[in-house]
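S.K.: start_39.pdb is reproduced below (PDB, C-alpha atoms).
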ATOM      1  CA  MET A   1     -10.074 -12.940 -10.398
ATOM      2  CA  SER A   2     -10.702  -9.999  -8.156
ATOM      3  CA  ARG A   3      -7.888  -8.330  -6.284
ATOM      4  CA  PRO A   4      -7.472  -9.617  -2.699
ATOM      5  CA  ASP A   5      -7.964  -7.022   0.029
ATOM      6  CA  GLY A   6      -4.386  -7.446   1.254
ATOM      7  CA  VAL A   7      -3.013  -6.643  -2.202
ATOM      8  CA  THR A   8      -5.255  -3.563  -2.331
ATOM      9  CA  MET A   9      -3.932  -2.377   1.041
ATOM     10  CA  ILE A  10      -0.303  -2.921   0.003
ATOM     11  CA  SER A  11      -0.948  -1.073  -3.250
ATOM     12  CA  VAL A  12      -2.375   1.913  -1.380
ATOM     13  CA  TRP A  13       0.548   1.721   1.078
ATOM     14  CA  SER A  14       2.917   1.977  -1.898
ATOM     15  CA  TRP A  15       1.122   5.094  -3.123
ATOM     16  CA  ILE A  16       1.328   6.605   0.363
ATOM     17  CA  GLY A  17       5.077   5.834   0.355
ATOM     18  CA  SER A  18       5.368   7.662  -2.947
ATOM     19  CA  LEU A  19       3.573  10.685  -1.507
ATOM     20  CA  ILE A  20       5.847  10.662   1.546
ATOM     21  CA  ALA A  21       8.862  10.539  -0.777
ATOM     22  CA  LEU A  22       7.530  13.602  -2.604
ATOM     23  CA  LEU A  23       7.249  15.435   0.716
ATOM     24  CA  GLY A  24      10.765  14.262   1.583
ATOM     25  CA  ILE A  25      12.105  15.785  -1.627
ATOM     26  CA  GLY A  26      10.551  19.096  -0.608
ATOM     27  CA  GLY A  27      12.192  18.893   2.804
ATOM     28  CA  LEU A  28      15.577  18.100   1.285
ATOM     29  CA  ALA A  29      15.199  21.020  -1.127
ATOM     30  CA  ILE A  30      14.529  23.364   1.800
ATOM     31  CA  ALA A  31      17.607  21.995   3.581
ATOM     32  CA  MET A  32      19.683  22.550   0.447
ATOM     33  CA  ILE A  33      18.556  26.168   0.177
ATOM     34  CA  ASN A  34      19.402  26.703   3.844
ATOM     35  CA  VAL A  35      22.893  25.251   3.290
ATOM     36  CA  TRP A  36      23.511  27.568   0.349
ATOM     37  CA  MET A  37      22.505  30.588   2.386
ATOM     38  CA  GLU A  38      24.313  29.768   5.645
ATOM     39  CA  ALA A  39      27.369  27.564   5.057
ATOM     40  CA  PRO A  40      30.818  28.604   3.865
ATOM     41  CA  THR A  41      31.584  27.726   0.238
ATOM     42  CA  ASP A  42      33.559  24.508   0.853
ATOM     43  CA  GLU A  43      30.988  23.127   3.254
ATOM     44  CA  ALA A  44      28.164  24.172   0.953
ATOM     45  CA  ILE A  45      29.647  22.183  -1.917
ATOM     46  CA  ILE A  46      30.008  19.037   0.192
ATOM     47  CA  ALA A  47      26.525  19.441   1.675
ATOM     48  CA  THR A  48      25.024  20.086  -1.765
ATOM     49  CA  VAL A  49      26.542  16.895  -3.150
ATOM     50  CA  ALA A  50      25.316  14.884  -0.151
ATOM     51  CA  LEU A  51      21.825  16.374  -0.288
ATOM     52  CA  GLY A  52      21.731  15.915  -4.061
ATOM     53  CA  MET A  53      22.495  12.213  -3.647
ATOM     54  CA  ALA A  54      19.774  11.956  -0.989
ATOM     55  CA  VAL A  55      17.297  13.657  -3.330
ATOM     56  CA  LEU A  56      18.204  11.191  -6.097
ATOM     57  CA  VAL A  57      17.642   8.188  -3.797
ATOM     58  CA  VAL A  58      14.292   9.569  -2.606
ATOM     59  CA  ILE A  59      13.179  10.262  -6.199
ATOM     60  CA  ILE A  60      14.045   6.697  -7.244
ATOM     61  CA  TYR A  61      12.208   5.283  -4.213
ATOM     62  CA  GLY A  62       9.160   7.474  -4.877
ATOM     63  CA  ILE A  63       8.919   6.474  -8.530
ATOM     64  CA  ALA A  64       9.429   2.800  -7.653
ATOM     65  CA  SER A  65       6.681   2.988  -5.006
ATOM     66  CA  LEU A  66       4.291   4.581  -7.471
ATOM     67  CA  VAL A  67       5.008   2.006 -10.183
ATOM     68  CA  VAL A  68       4.761  -0.939  -7.758
ATOM     69  CA  GLY A  69       1.473   0.404  -6.381
ATOM     70  CA  PHE A  70      -0.057   0.542  -9.856
ATOM     71  CA  GLY A  71       1.345  -2.891 -10.719
ATOM     72  CA  LEU A  72      -0.224  -4.388  -7.601
ATOM     73  CA  TRP A  73      -3.505  -2.617  -8.320
ATOM     74  CA  LYS A  74      -3.587  -4.178 -11.806
ATOM     75  CA  LEU A  75      -2.274  -7.569 -10.517
ATOM     76  CA  LYS A  76       0.749  -7.492 -12.801
ATOM     77  CA  PRO A  77       2.909 -10.593 -12.153
ATOM     78  CA  TRP A  78       6.157  -8.569 -11.823
ATOM     79  CA  SER A  79       4.702  -6.356  -9.119
ATOM     80  CA  ARG A  80       4.675  -9.035  -6.429
ATOM     81  CA  GLY A  81       8.449  -9.471  -6.645
ATOM     82  CA  ALA A  82       8.943  -5.714  -6.787
ATOM     83  CA  ALA A  83       6.714  -5.292  -3.724
ATOM     84  CA  ARG A  84       8.872  -7.825  -1.886
ATOM     85  CA  VAL A  85      11.969  -5.765  -2.711
ATOM     86  CA  MET A  86      10.219  -2.608  -1.485
ATOM     87  CA  ALA A  87       9.216  -4.457   1.707
ATOM     88  CA  ILE A  88      12.835  -5.448   2.291
ATOM     89  CA  LEU A  89      13.891  -1.810   1.842
ATOM     90  CA  GLN A  90      11.269  -0.763   4.389
ATOM     91  CA  LEU A  91      12.805  -3.030   7.028
ATOM     92  CA  ILE A  92      15.449  -0.386   7.809
ATOM     93  CA  VAL A  93      12.828   2.209   8.783
ATOM     94  CA  VAL A  94      12.567   1.221  12.457
ATOM     95  CA  PRO A  95      10.040   0.567  13.984
ATOM     96  CA  PHE A  96       7.027   1.205  11.746
ATOM     97  CA  GLY A  97       8.626   0.305   8.411
ATOM     98  CA  THR A  98      10.085  -2.836   9.929
ATOM     99  CA  ILE A  99       6.685  -4.020  11.117
ATOM    100  CA  VAL A 100       4.968  -3.207   7.813
ATOM    101  CA  GLY A 101       7.816  -4.738   5.786
ATOM    102  CA  ILE A 102       7.632  -8.000   7.721
ATOM    103  CA  MET A 103       3.843  -8.095   7.366
ATOM    104  CA  MET A 104       4.128  -7.583   3.595
ATOM    105  CA  LEU A 105       6.764 -10.299   3.220
ATOM    106  CA  VAL A 106       4.719 -12.785   5.253
ATOM    107  CA  TYR A 107       1.539 -11.897   3.346
ATOM    108  CA  PHE A 108       3.074 -12.516  -0.070
ATOM    109  CA  ALA A 109       4.746 -15.724   1.116
ATOM    110  CA  LYS A 110       1.780 -17.289   2.925
ATOM    111  CA  ASN A 111      -1.518 -15.939   1.569
ATOM    112  CA  LYS A 112      -3.085 -18.352  -0.932
ATOM    113  CA  ASN A 113      -5.443 -15.736  -2.413
ATOM    114  CA  ALA A 114      -2.517 -13.434  -3.176
ATOM    115  CA  LYS A 115      -0.586 -16.283  -4.789
ATOM    116  CA  ILE A 116      -3.559 -17.250  -6.952
ATOM    117  CA  ALA A 117      -4.228 -13.610  -7.923
ATOM    118  CA  PHE A 118      -0.698 -13.360  -9.324
ATOM    119  CA  GLY A 119      -0.961 -16.633 -11.243
ATOM    120  CA  ASP A 120       0.725 -19.141  -8.934
ATOM    121  CA  THR A 121      -0.609 -22.661  -8.877
ATOM    122  CA  ILE A 122      -1.469 -23.832  -5.404
ATOM    123  CA  GLU A 123      -1.095 -27.452  -4.434
ATOM    124  CA  PRO A 124      -4.089 -28.797  -2.522
ATOM    125  CA  ASP A 125      -3.733 -29.534   1.164
ATOM    126  CA  PRO A 126      -2.921 -33.199   1.866
ATOM    127  CA  VAL A 127      -6.031 -33.438   4.024
ATOM    128  CA  ASP A 128      -8.207 -32.482   1.052
ATOM    129  CA  THR A 129      -6.737 -35.208  -1.176
ATOM    130  CA  MET A 130      -7.081 -38.080   1.290
ATOM    131  CA  PRO A 131      -9.752 -40.651   0.404
ATOM    132  CA  GLN A 132     -12.890 -40.230   2.418
ATOM    133  CA  ALA A 133     -14.156 -43.056   4.640
ATOM    134  CA  THR A 134     -17.510 -44.456   3.639
TER     135      THR A 134
END
For the structure just supplied, provide its representation as structure tokens.
M.R.:
Amino acid sequence: MSRPDGVTMISVWSWIGSLIALLGIGGLAIAMINVWMEAPTDEAIIATVALGMAVLVVIIYGIASLVVGFGLWKLKPWSRGAARVMAILQLIVVPFGTIVGIMMLVYFAKNKNAKIAFGDTIEPDPVDTMPQAT
């Protein structure tokens, strides 16, 4: 089966999220350098730990976005669940991430083509199974 257009768009969105995470790591690195140059030693240590934890979270998110994007592109069964988790994480990025996250969750829950592409069996509509009048 070919990949549905919605899955293609979500896959590309995941890759864009990975690219944004890479840019975010660069911004955090610049902030860390600024802290080392400007802050007193005690504050620099605390800020370095906090920024280091932020860098770690952004790296994990970026790698996860990249992997999920490729999984969706190849229609790997695990990637749909992983994309749902990523969509839930996007809900906290108000307002744009919230809108996109909700759209992704609804798409994976309701779209029959996406369900079929990932191997779900779809029950026919009751209207389609009713006997036809002659």
S.K.: Tell me, as a ChimeraX atom specification, which residues lie within 12 Å of region 85-96 of chain A, counting all atoms listed in the file; anything in the same chain fewer than 3 positions away does not count.
M.R.: /A:10-11,13-14,17-18,60-69,78-82,99-108
S.K.: Using the chain letters and residue numbers of this document, give as a list in words the residues selected by the PyMOL selection byres ((chain A and resi 55) around 10).
M.R.: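 In the shown coordinates, the PyMOL selection byres ((chain A and resi 55) around 10) covers Ala21, Leu22, Gly24, Ile25, Gly26, Gly27, Leu28, Ala29, Met32, Val49, Ala50, Leu51, Gly52, Met53, Ala54, Leu56, Val57, Val58, Ile59, Ile60 and Tyr61 of chain A.
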S.K.: Please report as JSON lines every residue of region 23-108 of chain A lying within 7 Å of region 112-122 of chain A, along with the nearest atom pair and their distance in Å (one decimal), using all atoms listed in the file.
M.R.:
{"residue": "A:Leu75", "atom": "CA", "partner": "A:Phe118", "partner_atom": "CA", "distance": 6.1}
{"residue": "A:Lys76", "atom": "CA", "partner": "A:Phe118", "partner_atom": "CA", "distance": 7.0}
{"residue": "A:Pro77", "atom": "CA", "partner": "A:Phe118", "partner_atom": "CA", "distance": 5.4}
{"residue": "A:Phe108", "atom": "CA", "partner": "A:Ala114", "partner_atom": "CA", "distance": 6.5}
S.K.: Give the centre and edge lengths of an axis-aligned box, in Å to one decimal, that holds all listed atoms of region 49-52 of chain A with 4 Å on each side, as AutoDock Vina command-line options.
M.R.:
--center_x 24.1 --center_y 15.9 --center_z -2.1 --size_x 12.8 --size_y 10.0 --size_z 11.9
S.K.: For a test of reading the model, state the distance in Å between CA of Ile20 (chain A) and CA of Thr98 (chain A), rounded to one decimal.
M.R.: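 These atoms are spaced 16.4 Å apart.
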S.K.: In Å to one decimal, how far is CA of Val35 (chain A) from CA of Ala47 (chain A)?
M.R.: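 Spanning CA of Ala47 (chain A) to CA of Val35 (chain A) is a straight-line distance of 7.0 Å.
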S.K.: CA of Arg84 (chain A) and CA of Ser2 (chain A) are how many Å apart?
M.R.: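 CA of Arg84 (chain A) sits 20.7 Å away from CA of Ser2 (chain A).
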S.K.: If I only have part of region 44-63 of chain A, can you fill in N, CA and C atoms and write it as a PDB file, in the frame of the given file?
M.R.:
ATOM      1  N   ALA A  44      29.369  24.148   1.773  1.00  0.00           N
ATOM      2  CA  ALA A  44      28.164  24.172   0.953  1.00  0.00           C
ATOM      3  C   ALA A  44      28.276  23.203  -0.208  1.00  0.00           C
ATOM      4  N   ILE A  45      29.458  23.112  -0.796  1.00  0.00           N
ATOM      5  CA  ILE A  45      29.647  22.183  -1.917  1.00  0.00           C
ATOM      6  C   ILE A  45      29.477  20.742  -1.447  1.00  0.00           C
ATOM      7  N   ILE A  46      30.113  20.406  -0.341  1.00  0.00           N
ATOM      8  CA  ILE A  46      30.008  19.037   0.192  1.00  0.00           C
ATOM      9  C   ILE A  46      28.565  18.725   0.576  1.00  0.00           C
ATOM     10  N   ALA A  47      27.911  19.652   1.252  1.00  0.00           N
ATOM     11  CA  ALA A  47      26.525  19.441   1.675  1.00  0.00           C
ATOM     12  C   ALA A  47      25.593  19.343   0.471  1.00  0.00           C
ATOM     13  N   THR A  48      25.855  20.132  -0.565  1.00  0.00           N
ATOM     14  CA  THR A  48      25.024  20.086  -1.765  1.00  0.00           C
ATOM     15  C   THR A  48      25.142  18.734  -2.457  1.00  0.00           C
ATOM     16  N   VAL A  49      26.349  18.211  -2.540  1.00  0.00           N
ATOM     17  CA  VAL A  49      26.542  16.895  -3.150  1.00  0.00           C
ATOM     18  C   VAL A  49      25.816  15.825  -2.335  1.00  0.00           C
ATOM     19  N   ALA A  50      25.965  15.873  -1.013  1.00  0.00           N
ATOM     20  CA  ALA A  50      25.316  14.884  -0.151  1.00  0.00           C
ATOM     21  C   ALA A  50      23.792  14.988  -0.245  1.00  0.00           C
ATOM     22  N   LEU A  51      23.275  16.192  -0.180  1.00  0.00           N
ATOM     23  CA  LEU A  51      21.825  16.374  -0.288  1.00  0.00           C
ATOM     24  C   LEU A  51      21.321  16.015  -1.681  1.00  0.00           C
ATOM     25  N   GLY A  52      22.110  16.294  -2.696  1.00  0.00           N
ATOM     26  CA  GLY A  52      21.731  15.915  -4.061  1.00  0.00           C
ATOM     27  C   GLY A  52      21.623  14.405  -4.211  1.00  0.00           C
ATOM     28  N   MET A  53      22.565  13.679  -3.599  1.00  0.00           N
ATOM     29  CA  MET A  53      22.495  12.213  -3.647  1.00  0.00           C
ATOM     30  C   MET A  53      21.271  11.713  -2.882  1.00  0.00           C
ATOM     31  N   ALA A  54      20.959  12.342  -1.757  1.00  0.00           N
ATOM     32  CA  ALA A  54      19.774  11.956  -0.989  1.00  0.00           C
ATOM     33  C   ALA A  54      18.501  12.212  -1.803  1.00  0.00           C
ATOM     34  N   VAL A  55      18.454  13.350  -2.489  1.00  0.00           N
ATOM     35  CA  VAL A  55      17.297  13.657  -3.330  1.00  0.00           C
ATOM     36  C   VAL A  55      17.148  12.602  -4.424  1.00  0.00           C
ATOM     37  N   LEU A  56      18.247  12.206  -5.046  1.00  0.00           N
ATOM     38  CA  LEU A  56      18.204  11.191  -6.097  1.00  0.00           C
ATOM     39  C   LEU A  56      17.658   9.863  -5.566  1.00  0.00           C
ATOM     40  N   VAL A  57      18.119   9.446  -4.393  1.00  0.00           N
ATOM     41  CA  VAL A  57      17.642   8.188  -3.797  1.00  0.00           C
ATOM     42  C   VAL A  57      16.147   8.284  -3.488  1.00  0.00           C
ATOM     43  N   VAL A  58      15.709   9.407  -2.947  1.00  0.00           N
ATOM     44  CA  VAL A  58      14.292   9.569  -2.606  1.00  0.00           C
ATOM     45  C   VAL A  58      13.435   9.613  -3.865  1.00  0.00           C
ATOM     46  N   ILE A  59      13.920  10.236  -4.926  1.00  0.00           N
ATOM     47  CA  ILE A  59      13.179  10.262  -6.199  1.00  0.00           C
ATOM     48  C   ILE A  59      13.024   8.840  -6.746  1.00  0.00           C
ATOM     49  N   ILE A  60      14.104   8.077  -6.745  1.00  0.00           N
ATOM     50  CA  ILE A  60      14.045   6.697  -7.244  1.00  0.00           C
ATOM     51  C   ILE A  60      13.064   5.880  -6.411  1.00  0.00           C
ATOM     52  N   TYR A  61      13.137   6.019  -5.081  1.00  0.00           N
ATOM     53  CA  TYR A  61      12.208   5.283  -4.213  1.00  0.00           C
ATOM     54  C   TYR A  61      10.762   5.695  -4.483  1.00  0.00           C
ATOM     55  N   GLY A  62      10.520   6.987  -4.628  1.00  0.00           N
ATOM     56  CA  GLY A  62       9.160   7.474  -4.877  1.00  0.00           C
ATOM     57  C   GLY A  62       8.585   6.955  -6.182  1.00  0.00           C
ATOM     58  N   ILE A  63       9.387   6.987  -7.238  1.00  0.00           N
ATOM     59  CA  ILE A  63       8.919   6.474  -8.530  1.00  0.00           C
ATOM     60  C   ILE A  63       8.683   4.975  -8.447  1.00  0.00           C
TER      61      ILE A  63
END
